[in-house]
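Notes to accompany the following structure.
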Amino acid sequence: MKKVSVKQLNLMLFLRRFGLICVGAIIVFAACIDKMALPPGLGSDIGFSAGDTTYLRVNPVWGEEYGFQSPVEISIGQDGYVFIADSAGHSIFVLEQDGDIPDGFSSLRELTYNETYIAPIDVDIDNKMNVLFIDGSQQIFCWNQLWNHVGIQAIAVSGVFFNEAYGDSGVEHDTETWRQFANESSWSLAETVWDSSGLKIDSLLALRLIYDGALTRYNYPDVYYASEESEFSGLSAIEGPADGFYVTDKYHNRILRIRWLRTDRIRLNTGEEIWVHDGVFDHIVEDYGTGAGTVNQPTGIDVDYAGQIYYTQSGEFFGVHKLKPNNAQYPSVFQPGVNNIMDLDRYNRPQDVAVDANQIIYVANTDAQEIQVFDSGGQFFRKVGVQDIIVDTTMTVINGTDTTTVDTFYTREVKGLLEEPRAVTVDNRGVVYVVDTPMRRIVRYRLSNQLDENLNPVE
């Protein structure tokens, strides 16, 4: 037998992987044997080293026992509640992080507006505890979690606004003057007349339409597009004190920024007085193109704590983009050939993107049955929903009259743990939640060095 150098061995492995032929040598492969037997289920007790960084499933899987019909999107609120948009179920399901069903969210089941069922395709929760969702049309809906949990005591029917230049001015609620004074910083509401009757209060506690592209009240600055033809495909609230949220419009291939417009003034049962808001068109963030930072059939969107925008798209060229707001400009952060996340051949119909508190990026690579994970610089890290199996391969190498047997290992990627991952999000513990739509389930994963021996999250 003849020994094989490291260089020769690397060449053999390269040829083994890609099935190439090397001139002057014939490589014959013997049987491949799995030396490392995997456990039959990830619910088994498994020992892992502290440095192991494999994404493992967290049990149990949340499935049809919750009533899911076609879950398509998922978001996590600031209080940890998990919101799941189910289009066929016309519902937004709400779960605690341990899978329990909390009280107080029945209004989000069997959603209707004007006696017509709503099929939500995306949902997000902002810092005002507005549960925002879309149905693929040009409309945006809202249900406020805080008001429904603590209750509304009264609503303002008139008030006295004060301006240093003009003094006091009495104004009736629900007039153009009211909306003008309420939204101009030079005016402040000094006195308020309250009404505690139930009809108007009930309407605020119910599902509300907060934006409609068919109504000029909402889109009056949007003069270059037929807004009533918009098809909103993704939605993301802006973290922190920013005033508004973003939506993707796949009909016009653009991203819109929607800002909040004060409408009603309410007093909660806690005594706190706050404003009610509608959304109004602010500006176009980006529109159609084929280069970095342009929009082509957008599918999902997320925003990090620094206000940077991440979005996926199914159009030509780049599947994932990142924009950084800069004085009403939105330059692309990632560039092709520099950041792995923009590789042209990396994705197969990416449908969603999520970013965690460390700006780690999670991409639902839907038709490839996987979640790809990238660091904050857009460099590839790991995959979620894919098993890496270590295979012991014995190779017989014939080179002229010399015969050499080589025992080596290679890693084989096995898919099928996820059928069609449509959406992804991550909580503040690092648990990754994946919406596996055709299987009607939510599958959770976490890095193995952040799990205990029973595959439960380490607190």
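FYI, nothing fancy with the structure tokens labels: chains A, B, ... in order, residues from 1 per chain, ligands from 1 as they appear.
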Residues flagged strand (DSSP E or B) by DSSP in range 139-301 of chain A, as a PyMOL selection string: chain A and resi 139-144+152-163+167-172+188-195+208-212+232-237+245-249+254-268+273-286+288+295+298-301
Within 9 Å of Thr112 in chain A using only C-alpha atoms, minus same-chain residues under 4 positions, as a PyMOL selection string: chain A and resi 90+116-119+207
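Atom to atom, CA of Asp79 in chain A and CA of Arg265 in chain A stand 24.4 Å apart.
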Non-local contacts of Pro421 in chain A (6 Å; only C-alpha atoms; under 6 positions in same chain excluded) as a ChimeraX atom specification: /A:366,435-436
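In this model, the gap between CA of Val285 in chain A and CA of Ser233 in chain A comes to 15.2 Å.
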Polymer residues at most 6 Å from range 91-107 of chain A, only C-alpha atoms, same-chain spacing of 6 or more positions, as number ranges by chain: A: 81-85
Take the selection from the previous step and output its residues with all heavy atoms, as an mmCIF file, in the first residue's frame.
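Result file follows (selection_6.cif):
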```cif
data_model
loop_
_atom_site.group_PDB
_atom_site.id
_atom_site.type_symbol
_atom_site.label_atom_id
_atom_site.label_comp_id
_atom_site.auth_asym_id
_atom_site.auth_seq_id
_atom_site.Cartn_x
_atom_site.Cartn_y
_atom_site.Cartn_z
ATOM 1 N N TYR A 81 -45.761 37.384 23.392
ATOM 2 C CA TYR A 81 -46.818 36.631 22.742
ATOM 3 C C TYR A 81 -46.468 36.394 21.273
ATOM 4 O O TYR A 81 -45.909 37.260 20.600
ATOM 5 C CB TYR A 81 -48.152 37.368 22.829
ATOM 6 C CG TYR A 81 -48.794 37.321 24.200
ATOM 7 C CD1 TYR A 81 -49.278 38.476 24.806
ATOM 8 C CD2 TYR A 81 -48.932 36.115 24.881
ATOM 9 C CE1 TYR A 81 -49.879 38.438 26.055
ATOM 10 C CE2 TYR A 81 -49.521 36.060 26.139
ATOM 11 C CZ TYR A 81 -49.988 37.226 26.721
ATOM 12 O OH TYR A 81 -50.563 37.172 27.971
ATOM 13 N N VAL A 82 -46.837 35.206 20.783
ATOM 14 C CA VAL A 82 -46.541 34.807 19.409
ATOM 15 C C VAL A 82 -47.829 34.933 18.592
ATOM 16 O O VAL A 82 -48.849 34.323 18.929
ATOM 17 C CB VAL A 82 -46.018 33.362 19.361
ATOM 18 C CG1 VAL A 82 -45.667 32.972 17.928
ATOM 19 C CG2 VAL A 82 -44.803 33.202 20.268
ATOM 20 N N PHE A 83 -47.777 35.696 17.501
ATOM 21 C CA PHE A 83 -48.929 35.952 16.649
ATOM 22 C C PHE A 83 -48.727 35.238 15.314
ATOM 23 O O PHE A 83 -47.714 35.437 14.643
ATOM 24 C CB PHE A 83 -49.110 37.452 16.416
ATOM 25 C CG PHE A 83 -49.457 38.234 17.659
ATOM 26 C CD1 PHE A 83 -48.469 38.566 18.589
ATOM 27 C CD2 PHE A 83 -50.755 38.635 17.905
ATOM 28 C CE1 PHE A 83 -48.778 39.284 19.734
ATOM 29 C CE2 PHE A 83 -51.077 39.355 19.055
ATOM 30 C CZ PHE A 83 -50.083 39.683 19.967
ATOM 31 N N ILE A 84 -49.709 34.425 14.924
ATOM 32 C CA ILE A 84 -49.604 33.603 13.727
ATOM 33 C C ILE A 84 -50.759 33.939 12.792
ATOM 34 O O ILE A 84 -51.934 33.744 13.145
ATOM 35 C CB ILE A 84 -49.635 32.097 14.093
ATOM 36 C CG1 ILE A 84 -48.492 31.774 15.061
ATOM 37 C CG2 ILE A 84 -49.553 31.236 12.832
ATOM 38 C CD1 ILE A 84 -48.732 30.543 15.881
ATOM 39 N N ALA A 85 -50.452 34.442 11.598
ATOM 40 C CA ALA A 85 -51.475 34.765 10.603
ATOM 41 C C ALA A 85 -51.847 33.501 9.849
ATOM 42 O O ALA A 85 -50.995 32.845 9.251
ATOM 43 C CB ALA A 85 -50.962 35.837 9.644
#
```
